[in-house]
Amino acid sequence: MPDASQDAAFVEFERVQKSYDGESLVVKDLNLSMPKGEFLTMLGPSGSGKTTCLMMLAGFETATHGDIRLGGISINNIPPHKRGIGMVFQNYALFPHMTVAENLAFPLEVRKMGKSERDAKVKRALDMVQMGAFGGRRPAQLSGGQQQRIALARALVFEPELVLMDEPLGALDKQLREHMQFEITNLAHSLGITTVYVTHDQTEALTMSDRVAVFDDGRIQQLAPPDKLYEEPENSFVAQFIGENNTLLGTVKEISQDKALVELDGGELIDAKPVNVSEVGQRTRVSIRPERVEMNKERLRDGAHTLKAEVLEFIYMGDIFRTRLRVAGNEEFVIKTRNAPDQVRLSPGQQIDIGWLAEDCRALDA
Amino acid sequence: MTDAAGPMLAADGTPLKRSLARALRRQKLRALLLIAPLLIFVLVTFVVPIANMLFRSVENQIVSETLPETIQSLDGWNAEAGGIPDEDVFTKLYIDLFIAEEQKLHTRLGTRLNYEQTGASSMFRKTGRAVGRFDTDTYTDGFVDANGDWEDPAAWASLMADAGARAALPLTARSWDRWKAVFDAEGKELKKRNLEDFLFTALYTDLNAGGDAAHAMVQSAKPVAEGLAQVSLIDAFKEADKKWGEPEIWQTLTLYSPNYTPGYFLNSVDLERTLDGPKVKPENEQIYITLFGRTLWMSLVITGCCIHLGYPVAWLLANLPASKANLLLILVLLPFWTSLLVRTSAWKVMLQQQGVINDVLVFLGLVDDASRLIMINNQFGTIVAMTHILLPFMILPMYSVMQTIPPSYLRAAKSLGATNWTAFWRVYFPQSVPGIGAGSILVFILAIGYYITPEIVGGTKGVFISNRIAYHISSSLNWGLAAALGTILLAVVLLLYWAYDKIVGIDNVKLG
């Protein structure tokens, strides 16, 4: 967890822009500040500028405009090898002609560290990732997960204060990936390292990070802790990118401080929480999570608006049921219900009424 | 999986192994058929010529085939004593040479022996012209006077069909057979005038050696042979060419009488055969060791130049964006679209004393007009031109290996704290070594056998062993020596390949 006493920004991006061709900006006006010890994930679709940001921080790309600071010092003109930033690459980039131990010793060697000290550190780093017995192997003789651990150990062995990870788990299978997510966060937190993690996998972002920066179109769309990001997306891109979401288009009919009445395009009325709508008559896209949709009227507040829905498909997924409905002309409306003993199993063709708590339904930009 | 019941069986009860082999046989056969045209082509155009070349380098049958009787009788002769053989050997030589002369083989033998002893060629040519005029016609006249049958080819033929006569007159019989075979081979009939003096010389020799048979012709000839004075063939030969009276030619003949000889190989390394074993040639005749050394040394220099010039280009090719890299690749390959001869000649234009480079240097005042640089017809010219020509062979393997090295390795090294140089030297370079290895082997092996370029720009100081091989193939026609030189070159290449495998490891060579 970020240490409150060191809340002063450790990594800072200030008005950073980046263009490759001089015609379009890949990163537009990026501002970001990270305290020491934070685990921050840059999440976004490919081409959203997240990897470019990482590369600028590592020093492999130069910012076209703006300032990047590390510990208060501008690092724009510091070459990568003097930045002292550990980095884990997408394909690990373990040097194939060196053994695992030689790979780990490399950063210590170039720092002119003595052999005995070097060996001790390499051993400690290998033990840290439970790979102590593999020092003499070549990277090609290791499995993907093992290579991943070595890459991690190599990025940490010279004790950097900041570690960058560029989609490090992309090449692993699901089970291993989940296991490594856990290990990486544990390690990062126990060593108190500041980590910038780039991924396009939202589950990874949500489970691992202290804060997530959602990138799109060269901008940070939202920077928030995972729960806030999921439950309170600030715009419709974030709402749709993070998790599954049902959206309905409509117009604001009434609006107050914490409640808005939205008239859907089919004429139905629903309650919603105004997020970035402010006046009556504005077009809006309301968004509601599948697991927050309620079929049981008893659980809704009095006077809550409900919608008629027709069941199109029922999918049994083990832990949950996933039901696809036609709601207000939208045939992709999904609800998820827990597989509990008293849970009803809907069948196609069934007509039901659905509703939700106004605060779960967010009226966003259209 | 085999259990106690025996080997695994297929569904039809045959052993699984055999069933599998049968199933695969058709595939193998099809694969073999697919490569058959190439296989045959390679066998015919590559394996067979090389085997033939290897064979030629030791082959020496010409001596024993042309002079079979002489070689046989020289067998017991002691060449080390330093004299010349006796009359008997000369008689055999007379017979052999006479037959060879009829087939015009004696000049070829002369040429062959001339490689070992200067003057042998003219000796054989002169003697060949003379053998027909030796005084041995006294034998002929004597025998014919005693019995007219000796003038009749049919009578000769029937005499030579008589087993008793053949046993009594072995040399005559052998000579007759060979002589007859010469005419049979040409489809001609042996006529009266073809009953040459050498046949009667053989007869005289046999009869005086005590040959006796019941045949009437032999009986009639026997007293004649005893009465006829021996014609000294030693003198006759000496008269044809006085060198026959010197021991040197006889030593050479003795040394080169076996069917296979190490002589060509010894010549290839500046040694010569003597009766006391191999001996170093006189200094002014030594050439091949120098040439081999120069070929190896210059090939190494050229390979080194190619590595140093090619590495940065290959690096650029592998690291530029694709569109620019393609353009650069075309520039690298451009020389391949021009004839080798044109490129080499272009270097001649560039490098000669009145050439472009010298003109520019003189114009700029860097070089005095009177002391223009000599950059061609020497080793410098050969190295420059060959480096240029072989450079693509270095760049392409390097490029294809470098292409497989992801840029993330360099980034990783830098992020770990390595400077640009350390990152390159410790991380990138070791991974590019297989490309350097492949390129070096390619360039070195091409260079070591290069011919055209050294021929054109090499002068006398810059020529390679291959130029000497070509000279022996096309000018001096000493194919045996050319084959021996080629075989040594092949052996050197294989040896270097082996050494490379031991030191660097051939697994460390990648073409991409």
# chains A, B, ... in the order shown; residues from 1 in each chain; ligands from 1

call {"tool": "interface_residues", "arguments": {"of": "chain A", "to": "chain B", "cutoff": "12 Å", "atoms": "only C-alpha atoms", "output": "PyMOL selection string"}}
result
chain A and resi 55+57-61+78-98+102-112+151-160+162-166

call {"tool": "write_last_selection", "arguments": {"atoms": "C-alpha atoms", "output": "mmCIF file, in the first residue's frame"}}
result
data_model
loop_
_atom_site.group_PDB
_atom_site.id
_atom_site.type_symbol
_atom_site.label_atom_id
_atom_site.label_comp_id
_atom_site.auth_asym_id
_atom_site.auth_seq_id
_atom_site.Cartn_x
_atom_site.Cartn_y
_atom_site.Cartn_z
ATOM 1 C CA MET A 55 8.928 3.820 -22.854
ATOM 2 C CA LEU A 57 9.612 6.814 -18.524
ATOM 3 C CA ALA A 58 12.228 4.147 -19.229
ATOM 4 C CA GLY A 59 14.067 6.500 -21.545
ATOM 5 C CA PHE A 60 13.663 4.601 -24.818
ATOM 6 C CA GLU A 61 11.424 7.314 -26.243
ATOM 7 C CA ILE A 78 19.105 11.246 -18.751
ATOM 8 C CA PRO A 79 19.950 8.192 -20.889
ATOM 9 C CA PRO A 80 18.134 4.955 -19.970
ATOM 10 C CA HIS A 81 21.138 3.249 -18.409
ATOM 11 C CA LYS A 82 21.545 6.047 -15.871
ATOM 12 C CA ARG A 83 17.934 6.141 -14.775
ATOM 13 C CA GLY A 84 18.208 3.098 -12.547
ATOM 14 C CA ILE A 85 14.766 1.860 -13.452
ATOM 15 C CA GLY A 86 14.123 -1.869 -13.464
ATOM 16 C CA MET A 87 12.126 -3.133 -16.382
ATOM 17 C CA VAL A 88 10.336 -6.374 -17.227
ATOM 18 C CA PHE A 89 9.711 -6.798 -20.935
ATOM 19 C CA GLN A 90 6.813 -8.368 -22.713
ATOM 20 C CA ASN A 91 8.880 -11.318 -23.950
ATOM 21 C CA TYR A 92 11.160 -11.197 -20.918
ATOM 22 C CA ALA A 93 14.232 -10.301 -23.035
ATOM 23 C CA LEU A 94 16.403 -12.715 -21.091
ATOM 24 C CA PHE A 95 19.797 -12.845 -22.795
ATOM 25 C CA PRO A 96 19.814 -16.256 -24.487
ATOM 26 C CA HIS A 97 23.612 -16.624 -24.530
ATOM 27 C CA MET A 98 23.910 -16.217 -20.757
ATOM 28 C CA GLU A 102 24.748 -14.495 -15.597
ATOM 29 C CA ASN A 103 21.576 -12.720 -16.626
ATOM 30 C CA LEU A 104 20.987 -11.675 -13.065
ATOM 31 C CA ALA A 105 24.593 -10.715 -12.509
ATOM 32 C CA PHE A 106 24.620 -8.507 -15.606
ATOM 33 C CA PRO A 107 23.135 -5.357 -14.022
ATOM 34 C CA LEU A 108 25.449 -5.787 -11.031
ATOM 35 C CA GLU A 109 28.459 -6.344 -13.242
ATOM 36 C CA VAL A 110 27.883 -3.169 -15.240
ATOM 37 C CA ARG A 111 27.679 -1.392 -11.908
ATOM 38 C CA LYS A 112 31.168 -2.713 -11.183
ATOM 39 C CA ALA A 151 12.927 -11.565 -15.731
ATOM 40 C CA LEU A 152 11.327 -10.224 -12.575
ATOM 41 C CA ALA A 153 14.328 -11.153 -10.453
ATOM 42 C CA ARG A 154 16.659 -9.503 -12.953
ATOM 43 C CA ALA A 155 14.657 -6.281 -12.879
ATOM 44 C CA LEU A 156 14.785 -6.269 -9.078
ATOM 45 C CA VAL A 157 18.287 -7.566 -8.388
ATOM 46 C CA PHE A 158 19.946 -4.155 -8.535
ATOM 47 C CA GLU A 159 17.351 -2.790 -6.146
ATOM 48 C CA PRO A 160 15.761 -0.100 -8.262
ATOM 49 C CA LEU A 162 10.988 2.067 -9.723
ATOM 50 C CA VAL A 163 10.092 -0.996 -11.736
ATOM 51 C CA LEU A 164 8.310 -0.898 -15.068
ATOM 52 C CA MET A 165 6.497 -3.905 -16.435
ATOM 53 C CA ASP A 166 5.312 -4.043 -20.023
#

call {"tool": "residues_around", "arguments": {"residues": "Ser236 (chain A)", "least_positions_apart": "3", "cutoff": "9 Å", "atoms": "only C-alpha atoms", "output": "list in words"}}
result
Pro233, Ala239, Gln240, Phe241, Thr247, Arg285, Val286, Ser287, Ala363, Leu364, Asp365 and Ala366 of chain A

call {"tool": "write_last_selection", "arguments": {"atoms": "N, CA and C atoms", "output": "PDB file, in the first residue's frame"}}
result
ATOM      1  N   PRO A 233     -17.422   4.635 -12.897  1.00  0.00           N
ATOM      2  CA  PRO A 233     -16.733   5.114 -14.092  1.00  0.00           C
ATOM      3  C   PRO A 233     -17.156   6.538 -14.404  1.00  0.00           C
ATOM      4  N   ALA A 239     -16.685   3.131 -18.542  1.00  0.00           N
ATOM      5  CA  ALA A 239     -17.776   2.231 -18.178  1.00  0.00           C
ATOM      6  C   ALA A 239     -17.804   1.003 -19.076  1.00  0.00           C
ATOM      7  N   GLN A 240     -17.584   1.239 -20.357  1.00  0.00           N
ATOM      8  CA  GLN A 240     -17.653   0.097 -21.269  1.00  0.00           C
ATOM      9  C   GLN A 240     -16.373  -0.713 -21.310  1.00  0.00           C
ATOM     10  N   PHE A 241     -15.242  -0.038 -21.032  1.00  0.00           N
ATOM     11  CA  PHE A 241     -13.972  -0.762 -21.119  1.00  0.00           C
ATOM     12  C   PHE A 241     -13.749  -1.649 -19.907  1.00  0.00           C
ATOM     13  N   THR A 247     -25.811  -0.630 -21.605  1.00  0.00           N
ATOM     14  CA  THR A 247     -26.035   0.800 -21.820  1.00  0.00           C
ATOM     15  C   THR A 247     -27.340   1.010 -22.561  1.00  0.00           C
ATOM     16  N   ARG A 285     -26.073   8.518 -22.000  1.00  0.00           N
ATOM     17  CA  ARG A 285     -25.968   7.057 -22.121  1.00  0.00           C
ATOM     18  C   ARG A 285     -25.964   6.541 -20.695  1.00  0.00           C
ATOM     19  N   VAL A 286     -26.987   5.826 -20.308  1.00  0.00           N
ATOM     20  CA  VAL A 286     -27.001   5.316 -18.945  1.00  0.00           C
ATOM     21  C   VAL A 286     -26.354   3.936 -18.928  1.00  0.00           C
ATOM     22  N   SER A 287     -25.644   3.687 -17.837  1.00  0.00           N
ATOM     23  CA  SER A 287     -24.902   2.433 -17.785  1.00  0.00           C
ATOM     24  C   SER A 287     -25.183   1.726 -16.476  1.00  0.00           C
ATOM     25  N   ALA A 363     -25.735   7.979 -15.312  1.00  0.00           N
ATOM     26  CA  ALA A 363     -26.030   8.705 -16.548  1.00  0.00           C
ATOM     27  C   ALA A 363     -24.753   9.395 -17.029  1.00  0.00           C
ATOM     28  N   LEU A 364     -24.211   8.884 -18.092  1.00  0.00           N
ATOM     29  CA  LEU A 364     -22.917   9.368 -18.581  1.00  0.00           C
ATOM     30  C   LEU A 364     -23.107  10.144 -19.890  1.00  0.00           C
ATOM     31  N   ASP A 365     -21.981  10.565 -20.456  1.00  0.00           N
ATOM     32  CA  ASP A 365     -22.014  11.260 -21.748  1.00  0.00           C
ATOM     33  C   ASP A 365     -22.527  10.323 -22.832  1.00  0.00           C
ATOM     34  N   ALA A 366     -23.187  10.865 -23.807  1.00  0.00           N
ATOM     35  CA  ALA A 366     -23.775  10.033 -24.847  1.00  0.00           C
ATOM     36  C   ALA A 366     -22.700   9.503 -25.790  1.00  0.00           C
TER      37      ALA A 366
END

call {"tool": "atom_distance", "arguments": {"atom1": "CA of Gly318 (chain A)", "atom2": "CA of Val334 (chain A)"}}
result
16.4 Å

call {"tool": "select_by_dssp", "arguments": {"residues": "region 151-331 of chain A", "states": "helix (DSSP H, G or I)", "output": "MDAnalysis selection string"}}
result
chainID A and resid 151:156 174:191 202:208 226:231 236:241 290:292 297:299

call {"tool": "atom_distance", "arguments": {"atom1": "CA of Gly227 (chain B)", "atom2": "CA of Asp149 (chain B)"}}
result
19.1 Å

call {"tool": "residues_around", "arguments": {"residues": "region 473-488 of chain B", "least_positions_apart": "2", "cutoff": "8 Å", "atoms": "only C-alpha atoms", "output": "list in words"}}
result
Met53, Leu54, Arg56, Ser57, Val58, Glu59, Arg112, Tyr115, Tyr264, Phe265, Asn267, Ser268, Ile465, Ser466, Arg468, Ile469, Ala470, Tyr471, Leu490, Ala491 and Val492 of chain B

call {"tool": "write_last_selection", "arguments": {"atoms": "N, CA and C atoms", "output": "short mmCIF file (atom, residue, chain, number, x, y, z; two decimals), in the first residue's frame"}}
result
data_model
loop_
_atom_site.label_atom_id
_atom_site.label_comp_id
_atom_site.auth_asym_id
_atom_site.auth_seq_id
_atom_site.Cartn_x
_atom_site.Cartn_y
_atom_site.Cartn_z
N MET B 53 39.03 -35.81 -60.26
CA MET B 53 40.17 -34.95 -59.99
C MET B 53 41.09 -35.57 -58.95
N LEU B 54 40.46 -36.08 -57.87
CA LEU B 54 41.26 -36.72 -56.83
C LEU B 54 42.07 -37.87 -57.42
N ARG B 56 43.03 -38.26 -60.61
CA ARG B 56 44.07 -37.77 -61.51
C ARG B 56 45.33 -37.32 -60.78
N SER B 57 45.16 -36.88 -59.54
CA SER B 57 46.32 -36.34 -58.84
C SER B 57 47.33 -37.42 -58.47
N VAL B 58 46.91 -38.68 -58.50
CA VAL B 58 47.87 -39.75 -58.19
C VAL B 58 48.07 -40.69 -59.37
N GLU B 59 47.24 -40.54 -60.39
CA GLU B 59 47.27 -41.50 -61.48
C GLU B 59 48.54 -41.34 -62.32
N ARG B 112 54.45 -36.02 -70.32
CA ARG B 112 54.29 -36.40 -68.91
C ARG B 112 55.63 -36.39 -68.18
N TYR B 115 57.37 -33.12 -67.10
CA TYR B 115 57.03 -32.45 -65.83
C TYR B 115 58.08 -32.77 -64.77
N TYR B 264 52.92 -35.80 -58.10
CA TYR B 264 52.20 -34.53 -58.29
C TYR B 264 52.04 -33.79 -56.97
N PHE B 265 51.75 -34.58 -55.92
CA PHE B 265 51.56 -33.93 -54.61
C PHE B 265 52.87 -33.34 -54.12
N ASN B 267 55.28 -32.29 -55.98
CA ASN B 267 55.50 -31.08 -56.77
C ASN B 267 54.66 -29.92 -56.24
N SER B 268 53.45 -30.26 -55.77
CA SER B 268 52.54 -29.22 -55.30
C SER B 268 53.05 -28.52 -54.06
N ILE B 465 46.39 -19.42 -55.74
CA ILE B 465 46.72 -20.78 -56.17
C ILE B 465 45.79 -21.21 -57.30
N SER B 466 44.55 -20.69 -57.27
CA SER B 466 43.60 -21.09 -58.30
C SER B 466 44.07 -20.66 -59.69
N ARG B 468 47.09 -20.62 -60.66
CA ARG B 468 48.11 -21.59 -61.05
C ARG B 468 47.42 -22.89 -61.52
N ILE B 469 46.36 -23.25 -60.81
CA ILE B 469 45.60 -24.44 -61.20
C ILE B 469 45.05 -24.25 -62.61
N ALA B 470 44.48 -23.07 -62.83
CA ALA B 470 43.91 -22.79 -64.15
C ALA B 470 45.00 -22.85 -65.21
N TYR B 471 46.18 -22.34 -64.86
CA TYR B 471 47.30 -22.37 -65.82
C TYR B 471 47.63 -23.81 -66.18
N LEU B 490 41.34 -28.40 -51.45
CA LEU B 490 40.13 -28.98 -50.86
C LEU B 490 40.41 -29.47 -49.45
N ALA B 491 41.57 -30.11 -49.29
CA ALA B 491 41.94 -30.63 -47.97
C ALA B 491 42.12 -29.48 -46.99
N VAL B 492 42.73 -28.40 -47.44
CA VAL B 492 42.95 -27.24 -46.55
C VAL B 492 41.62 -26.67 -46.10
#

call {"tool": "closest_residue", "arguments": {"among": "B:Asn378, B:Asn78, B:Thr205, B:Ser345", "to": "Thr453 (chain B)", "atoms": "only C-alpha atoms"}}
result
B:Ser345
